[in-house]
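Peer 1: Could you have a look at this structure, given as structure tokens, before my questions?
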Protein chains: 2
Amino acid sequence: MARSWATFGIDLHLDPAGPGLRRGLTDALREAVRTGRLAPGTRLPSSRALAGDLGLARNTVADAYADLVAEGWLTARQGSGTRVADRAAPPAPAAPARPDRVPGRPRYDLKPGTPDLASFPRAAWLRATRRALAAAPHDAFGYGDPRGRVELRTALAGYLARARGVRADPDRIVVCSGFAQGLRLLAEVLRRRGLPSLAVESYGLDSHWDLVERAGLSTVPLPLDTHGTVVDGLGTEGAVLLTPAHQFPMGLALRPDRRAALVDWARRTGGLILEDDYDGEFRYDRRQPVGALQDLDPDRVAYLGTASKSLAPGLRLGWLVLPRPLVNEVTALGGARSTGVMEQLTLAEFMASGAYDRHLRAARLRYRRRRDALVAALAERAPDVTVTGIAAGLHAVLRLPPGTEQSVVRAAAWHGLAVHGLSRYRHPDAPAGSPASPDALVIGYGTPPDHAWAGTLDALCAALP
Amino acid sequence: MARSWATFGIDLHLDPAGPGLRRGLTDALREAVRTGRLAPGTRLPSSRALAGDLGLARNTVADAYADLVAEGWLTARQGSGTRVADRAAPPAPAAPARPDRVPGRPRYDLKPGTPDLASFPRAAWLRATRRALAAAPHDAFGYGDPRGRVELRTALAGYLARARGVRADPDRIVVCSGFAQGLRLLAEVLRRRGLPSLAVESYGLDSHWDLVERAGLSTVPLPLDTHGTVVDGLGTEGAVLLTPAHQFPMGLALRPDRRAALVDWARRTGGLILEDDYDGEFRYDRRQPVGALQDLDPDRVAYLGTASKSLAPGLRLGWLVLPRPLVNEVTALGGARSTGVMEQLTLAEFMASGAYDRHLRAARLRYRRRRDALVAALAERAPDVTVTGIAAGLHAVLRLPPGTEQSVVRAAAWHGLAVHGLSRYRHPDAPAGSPASPDALVIGYGTPPDHAWAGTLDALCAALP
């Protein structure tokens with residue numbers, strides 16, 4: 001659970017799951033002084049500036065500074081700020097450090113999957129909470145409808161129709177605690193229907209496959225060619241899980257002819273398509289994002305959406321738009337029964353007030369700028385690398401010369417970068433080594449905070465061949 | 001999902017899962033005027049007063065009034081308020097109504113399980129949300145620790161030690177989405193360990209038994225005598241689920257000698273005790289509530305607590321205090337991964353600021369007054385009924401003359417009361433008809449809003465033999 005912040009030239013390794021943030025920050029600063037990474041006399045940023053940088057409360061930083069002043073590691077003097085104490089010289093190393101042999105903890109996080117948490121719209125979220133609390137009827141605080149609050153289902157129906165082309169009405173929506181819970185509910189329903197397996201894409205997240213397998217279904221990967229997932233071999237699988245708008249992690253949209261073939265298959269065989277629309281909000285290369293597949297046949301597609309990329313994973317908010325017969329099967333297994341009413345009502349208010357659209361516009365702009373900077377930097381400084389999958393989303397695939405993926409991942413670690421190779425997303429039963437399965441890095445450009453983005457790009461370019 | 005409000009002398013049947021509250025309220029009022037339950041000329045309460053009464057936003061009520069004025073059912077005149085229009089006379093009934101033959105929808109809800117939702121501390125909750133949002137580090141909005149936020153686990157450890165005698169440290173606490181999710185996680189862990197069954201009490205909630213059975217374990221009821229659950233016959237069951245502080249629904253505390261015998265059994269056989277402490281906060285007959293069993297052996301007891309009775313079920317907040325080896329097993333199955341961070345951080349702040357203690361003191365007083373009024377009314381007006389299980393909690397057991405339970409439940413329905421007989425809480429494999437299994441009603445006195453409590457008591461006394 002360790003989290004690394006690059007700030008004022010050093011990185012602080014804080015463990016938010018550890019003994020409290022104040023103590024964690026105190027320990028990390030003390031260690032930086034003790035080891036000489038913060039040299040004697042160095043002036044530290046103001047507690048307000050560091051708090052802003054790290055996303056901590058100002059008092060947490062001020063308290064950590066005060067502790068270290070009391071311990072003699074730092075000095076605080078009116079007008080001169082907080083500095084590293086002179087006597088806090090590092091001990092002479094017993095042997096020369098060999099920084100080229102042992103990678104430290106990563107300073108820059110380029111793993112995909114998490115949006116920029118520093119841009120969570122706290123003030124607007126609080127306003128929506130205030131309005132939601134004022135407007136909620138008393139019975140909102142009870143056990144409630146297993147599909148979730150009607151206010152949120154109504155807001156979602158409008159938003160999904162407008163922004164994603166989903167044919168949704170509130171009666172067919174079930175609120176859930178993020179994509180994973182939605183997938184777990186659907187997998188349990190499919191197992192109860194007697195399905196032995198679920199077809200999946202050749203590349204995806206092993207945590208999703210594990211979850212499906214824990215529910216009692218095996219996962220069977222579909223073939224992949226250079227145009228994306230091949231669907232014309234589908235037979236009597238019964239159900240298939242896909243990311244049609246922006247394949248994760250490859251980044252392609254499923255081609256129109258394959259979308260049509262998929263729906264034909266579902267109609268012909270009575271099959272069910274599980275559409276994972278995890279980042280459909282972020283599309284950069286056309287006015288309209290690629291619409292959801294669900295629109296082609298709402299009776300054959302179970303659509304799964306989430307606020308984890310568009311807002312923040314910590315909210316634990318997701319939604320299913322289901323063929324009618326599935327609604328009761330899913331709610332019988334719990335449905336929205338694990339999703340807090342305040343988060344539901346707040347998101348409903350956030351959507352209805354227009355704050356969600358405003359947040360998405362700003363986020364889209366921010367991520368597109370990062371993507372453009374990534375593409376420009378790579379074109380200039382790593383010309384052997386081809387960037388793909390960048391028309392949408394929060395990640396890119398950097399294709400590498402054949403046979404180099406593992407060595408590049410290791411080189412990145414030496415440069416303080418946490419990156420994932422593409423191969424870790426390959427299903428264990430999918431073939432490796434085809435042109436559709438290149439050596440590559442999967443670069444999540446949503447995660448670093450804005451102030452660290454330039455340094456992160458520098459480190460990435462330095463690590464590439 | 002229909003909910004019935006008794007207000008200004010009539011009851012309005014609103015379906016919050018239906019086509020929206022405004023339309024639901026409009027339909028209910030129109031129906032009351034059309035059928036004559038609201039007579040021509042009747043002055044309606046102000047929109048502000050009715051909104052407060054029903055727990056709706058004032059605009060919802062004002063809009064419903066405006067719609068009905070537009071339709072001609074109501075009239076609104078400056079200085080004279082909103083009245084039922086004169087021409088809105090009810091049609092003469094085609095045949096005489098026979099109110100003694102067909103029960104209407106219940107007007108009074110005495111089913112146990114839900115606290116008074118009208119007293120949810122909205123303003124204090126909003127203040128806690130504001131402080132939590134200001135203090136949260138950015139990474140709080142990420143996927144986070146599967147045990148839940150450290151701020152909440154720290155607050156819970158302090159509260160549970162102080163208020164419930166639980167030996168908790170934050171590392172052994174796992175936050176979950178209420179009791180049901182916690183039980184599901186534990187049942188899955190027990191099944192993975194190879195346990196075939198879980199011992200349960202003879203009386204309890206069938207939804208809990210169903211949940212355990214869906215996880216792949218059968219439930220086996222323990223015997224019951226007039227002192228409560230009999231535990232000395234426990235053998236190699238492996239695990240047992242109990243409500244030691246306040247048996248649900250019978251209302252007794254597990255006797256000290258049986259608590260000790262239970263822990264002896266667990267130590268002797270390596271068994272696990274699942275302690276459901278659903279309403280431990282509400283104890284009326286002594287200064288200190290009956291402490292948690294967990295304190296006797298934290299390595300043998302998995303303690304389950306919840307905010308569903310102490311605050312509101314809609315928050316979806318619960319917590320497990322686990323023997324250390326169970327922590328990883330539970331988090332491997334998801335742990336806190338379905339619980340929203342804002343609800344976690346807000347409860348942490350709510351506890352740390354003292355607002356939780358203040359809320360509990362006020363709630364304890366409110367519920368004790370209701371309990372006292374219930375006991376006094378029954379002593380005066382239903383002397384054949386014995387009240388038990390009232391030392392704690394939000395419900396009472398009303399013992400009835402043998403053989404009368406079903407007829408009393410039916411009589412209550414004629415009086416507009418939703419009540420449950422004790423027999424519906426009996427495990428299907430538990431024996432009926434013993435002195436420990438009397439005819440009785442289970443009366444939840446937490447649910448009715450304050451303004452309806454007196455009328456509810458009247459109706460109850462009228463329905464009793």
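How things are named: the first chain in the structure tokens is A, the next is B, and so on; residues count from 1 in each chain; ligands count from 1 in the order shown.
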Taking the backbone alone, and naming residues the way the document does, which bits of stretch 181-401 of chain A are strand (DSSP E or B) by DSSP, as a ChimeraX atom specification?
Peer 2: /A:197-200,203,218-221,224-225,228-229,239-242,272-276,283,301-306,318-321,386-388,392,395-399
Peer 1: What are the nearest atom pairs, with distances in Å to one decimal, for all residues of chain B that come at most 6 Å from chain A, using only C-alpha atoms, set out by chain and rising residue number as CSV?
Peer 2:
```
residue,atom,partner,partner_atom,distance
B:Gly55,CA,A:Pro137,CA,4.4
B:Leu56,CA,A:Pro137,CA,4.5
B:Ala57,CA,A:Ala135,CA,4.8
B:Leu117,CA,A:His138,CA,5.5
B:Ala118,CA,A:His138,CA,5.3
B:Ala135,CA,A:Ala57,CA,4.9
B:Pro137,CA,A:Leu56,CA,4.5
B:His138,CA,A:Gly55,CA,4.9
B:Phe141,CA,A:Gly314,CA,4.2
B:Gly142,CA,A:Gly314,CA,4.9
B:Tyr143,CA,A:Gly314,CA,5.5
B:Ser177,CA,A:Ser338,CA,5.1
B:Ala312,CA,A:Phe141,CA,5.6
B:Pro313,CA,A:Gly142,CA,5.2
B:Gly314,CA,A:Phe141,CA,4.2
B:Leu315,CA,A:Gly340,CA,4.7
B:Arg316,CA,A:Gly340,CA,4.9
B:Ser338,CA,A:Ser177,CA,5.1
B:Gly340,CA,A:Leu315,CA,4.7
B:Val341,CA,A:Gly314,CA,5.2
```
Peer 1: Using C-alpha atoms, can you export the residues from the last selection as a compact mmCIF listing (two decimals), in the first residue's frame?
Peer 2:
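And here's selection_29.txt as it stands now:
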```txt
# COMPACT_ATOMS: atom_id res chain seq x y z
CA GLY B 55 -39.40 13.76 5.23
CA LEU B 56 -39.69 15.18 1.72
CA ALA B 57 -38.19 18.30 0.23
CA LEU B 117 -35.03 7.27 10.20
CA ALA B 118 -36.51 10.72 10.87
CA ALA B 135 -8.69 16.48 5.70
CA PRO B 137 -5.26 12.91 1.54
CA HIS B 138 -5.59 12.52 -2.22
CA PHE B 141 -9.93 8.45 -3.26
CA GLY B 142 -7.98 5.53 -4.72
CA TYR B 143 -8.61 1.80 -4.38
CA SER B 177 -21.01 -2.72 3.94
CA ALA B 312 -29.20 4.21 9.61
CA PRO B 313 -29.13 1.13 7.39
CA GLY B 314 -28.82 3.28 4.27
CA LEU B 315 -25.24 4.21 5.15
CA ARG B 316 -24.20 0.59 4.49
CA SER B 338 -17.35 -2.29 -1.65
CA GLY B 340 -17.30 4.03 -0.18
CA VAL B 341 -14.47 6.13 1.19
```
Peer 1: According to DSSP computed on the backbone, where in stretch 246-399 of chain B is there helix (DSSP H, G or I)? Give the residues as JSON, numbers by chain.
Peer 2: {"B": [256, 257, 258, 259, 260, 261, 262, 263, 264, 265, 266, 267, 268, 269, 293, 294, 295, 296, 313, 314, 315, 324, 325, 326, 327, 328, 329, 330, 331, 332, 335, 336, 337, 338, 341, 342, 343, 344, 345, 346, 347, 348, 349, 350, 351, 352, 355, 356, 357, 358, 359, 360, 361, 362, 363, 364, 365, 366, 367, 368, 369, 370, 371, 372, 373, 374, 375, 376, 377, 378, 379, 380, 381]}
Peer 1: So the first atom is atom CA of A:Glu275 and the second is atom CA of A:His246; what is the distance between them in Å, to one decimal place?
Peer 2: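 Between atom CA of A:Glu275 and atom CA of A:His246 the gap is 10.8 Å.
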Peer 1: Counting only C-alpha atoms, which residue out of B:Met351, B:Leu241, B:Leu262, B:Ala161 sits closest to B:Ala128?
Peer 2: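 Closest to B:Ala128 of all the choices is B:Met351.
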Peer 1: Between atom CA of B:Ala28 and atom CA of B:His420, what is the distance in Å, rounded to a tenth?
Peer 2: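 Atom CA of B:Ala28 sits 26.4 Å away from atom CA of B:His420.
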Peer 1: Just the residues within 6 Å of stretch 371-386 of chain A, please, counting only C-alpha atoms, with nothing from its chain fewer than 2 positions along; format it as a list in words.
Peer 2: Arg368, Arg369, Leu398, Arg399 and Leu400 of chain A
Peer 1: Find the residue from A:Thr346, A:Ser434, A:Ser407, A:Ser310 that sits nearest to A:Gly393; use only C-alpha atoms when measuring.
Peer 2: A:Ser310
Peer 1: Can you list, as a list of chain:residue names, every protein, DNA or RNA residue that comes within 9 Å of B:Asp276 when you count only C-alpha atoms, leaving out same-chain residues fewer than 5 positions away?
Peer 2: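 Here the qualifying residues turn out to be B:Phe179, B:Leu241, B:Leu242, B:Thr243, B:Pro244, B:Ala245, B:Ala302, B:Tyr303, B:Leu304, B:Gly305.
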Peer 1: List as number ranges by chain the protein and nucleic acid residues near B:Leu296, meaning an atom at most 12 Å away when only C-alpha atoms are counted, but skip any in the same chain fewer than 3 places from it.
Peer 2: B: 165-167, 256, 259-264, 266-267, 273, 275, 291-293, 299-303
Peer 1: Residues of the last selection are to be written out with N, CA, C and O atoms, as an mmCIF file, in the first residue's frame.
Peer 2:
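The result, written out as result_16.cif:
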```
data_model
loop_
_atom_site.group_PDB
_atom_site.id
_atom_site.type_symbol
_atom_site.label_atom_id
_atom_site.label_comp_id
_atom_site.auth_asym_id
_atom_site.auth_seq_id
_atom_site.Cartn_x
_atom_site.Cartn_y
_atom_site.Cartn_z
ATOM 1 N N GLY B 165 -16.514 -2.879 25.149
ATOM 2 C CA GLY B 165 -15.551 -3.781 25.770
ATOM 3 C C GLY B 165 -14.862 -4.703 24.781
ATOM 4 O O GLY B 165 -14.356 -5.767 25.148
ATOM 5 N N VAL B 166 -14.845 -4.313 23.505
ATOM 6 C CA VAL B 166 -14.208 -5.141 22.488
ATOM 7 C C VAL B 166 -12.709 -4.863 22.489
ATOM 8 O O VAL B 166 -12.294 -3.700 22.519
ATOM 9 N N ARG B 167 -11.902 -5.926 22.483
ATOM 10 C CA ARG B 167 -10.464 -5.725 22.361
ATOM 11 C C ARG B 167 -10.132 -5.649 20.878
ATOM 12 O O ARG B 167 -10.059 -6.661 20.180
ATOM 13 N N PRO B 256 -24.058 -15.366 31.785
ATOM 14 C CA PRO B 256 -22.596 -15.444 31.941
ATOM 15 C C PRO B 256 -22.053 -16.873 31.899
ATOM 16 O O PRO B 256 -21.019 -17.115 31.273
ATOM 17 N N ARG B 259 -21.978 -17.885 28.332
ATOM 18 C CA ARG B 259 -20.908 -17.199 27.598
ATOM 19 C C ARG B 259 -19.584 -17.907 27.827
ATOM 20 O O ARG B 259 -18.813 -18.166 26.881
ATOM 21 N N ALA B 260 -19.328 -18.238 29.101
ATOM 22 C CA ALA B 260 -18.070 -18.913 29.434
ATOM 23 C C ALA B 260 -17.998 -20.291 28.770
ATOM 24 O O ALA B 260 -16.964 -20.685 28.221
ATOM 25 N N ALA B 261 -19.128 -21.018 28.794
ATOM 26 C CA ALA B 261 -19.136 -22.363 28.196
ATOM 27 C C ALA B 261 -18.875 -22.289 26.694
ATOM 28 O O ALA B 261 -18.211 -23.155 26.107
ATOM 29 N N LEU B 262 -19.396 -21.255 26.074
ATOM 30 C CA LEU B 262 -19.220 -21.077 24.633
ATOM 31 C C LEU B 262 -17.739 -20.872 24.299
ATOM 32 O O LEU B 262 -17.201 -21.490 23.365
ATOM 33 N N VAL B 263 -17.087 -20.026 25.066
ATOM 34 C CA VAL B 263 -15.675 -19.767 24.809
ATOM 35 C C VAL B 263 -14.848 -21.033 25.112
ATOM 36 O O VAL B 263 -13.916 -21.361 24.370
ATOM 37 N N ASP B 264 -15.223 -21.756 26.167
ATOM 38 C CA ASP B 264 -14.537 -23.029 26.453
ATOM 39 C C ASP B 264 -14.653 -23.979 25.259
ATOM 40 O O ASP B 264 -13.683 -24.618 24.858
ATOM 41 N N ALA B 266 -15.061 -23.199 22.155
ATOM 42 C CA ALA B 266 -14.252 -22.724 21.034
ATOM 43 C C ALA B 266 -12.775 -23.057 21.256
ATOM 44 O O ALA B 266 -12.080 -23.483 20.324
ATOM 45 N N ARG B 267 -12.302 -22.891 22.476
ATOM 46 C CA ARG B 267 -10.892 -23.189 22.749
ATOM 47 C C ARG B 267 -10.621 -24.680 22.637
ATOM 48 O O ARG B 267 -9.596 -25.106 22.120
ATOM 49 N N ILE B 273 -16.503 -18.353 17.065
ATOM 50 C CA ILE B 273 -17.785 -17.757 17.456
ATOM 51 C C ILE B 273 -18.002 -16.489 16.641
ATOM 52 O O ILE B 273 -17.156 -15.592 16.647
ATOM 53 N N GLU B 275 -20.014 -13.280 16.583
ATOM 54 C CA GLU B 275 -20.839 -12.490 17.510
ATOM 55 C C GLU B 275 -21.516 -11.347 16.765
ATOM 56 O O GLU B 275 -20.859 -10.406 16.331
ATOM 57 N N GLY B 291 -21.454 -6.110 27.901
ATOM 58 C CA GLY B 291 -20.290 -6.034 27.027
ATOM 59 C C GLY B 291 -20.290 -7.140 25.989
ATOM 60 O O GLY B 291 -21.061 -8.102 26.055
ATOM 61 N N ALA B 292 -19.423 -6.968 25.027
ATOM 62 C CA ALA B 292 -19.313 -7.967 23.975
ATOM 63 C C ALA B 292 -18.619 -9.213 24.516
ATOM 64 O O ALA B 292 -17.748 -9.146 25.380
ATOM 65 N N LEU B 293 -19.041 -10.344 23.992
ATOM 66 C CA LEU B 293 -18.421 -11.630 24.280
ATOM 67 C C LEU B 293 -16.970 -11.661 23.798
ATOM 68 O O LEU B 293 -16.124 -12.353 24.366
ATOM 69 N N ASP B 299 -9.203 -14.199 20.085
ATOM 70 C CA ASP B 299 -8.683 -15.102 19.065
ATOM 71 C C ASP B 299 -9.691 -16.164 18.657
ATOM 72 O O ASP B 299 -9.421 -16.970 17.752
ATOM 73 N N ARG B 300 -10.826 -16.194 19.330
ATOM 74 C CA ARG B 300 -11.852 -17.202 19.047
ATOM 75 C C ARG B 300 -13.166 -16.580 18.594
ATOM 76 O O ARG B 300 -14.101 -17.296 18.279
ATOM 77 N N VAL B 301 -13.244 -15.250 18.654
ATOM 78 C CA VAL B 301 -14.506 -14.576 18.348
ATOM 79 C C VAL B 301 -14.311 -13.614 17.177
ATOM 80 O O VAL B 301 -13.392 -12.798 17.184
ATOM 81 N N ALA B 302 -15.165 -13.749 16.178
ATOM 82 C CA ALA B 302 -15.246 -12.731 15.114
ATOM 83 C C ALA B 302 -16.446 -11.863 15.445
ATOM 84 O O ALA B 302 -17.586 -12.323 15.466
ATOM 85 N N TYR B 303 -16.166 -10.598 15.754
ATOM 86 C CA TYR B 303 -17.207 -9.663 16.201
ATOM 87 C C TYR B 303 -17.751 -8.895 14.999
ATOM 88 O O TYR B 303 -16.970 -8.377 14.191
#
```
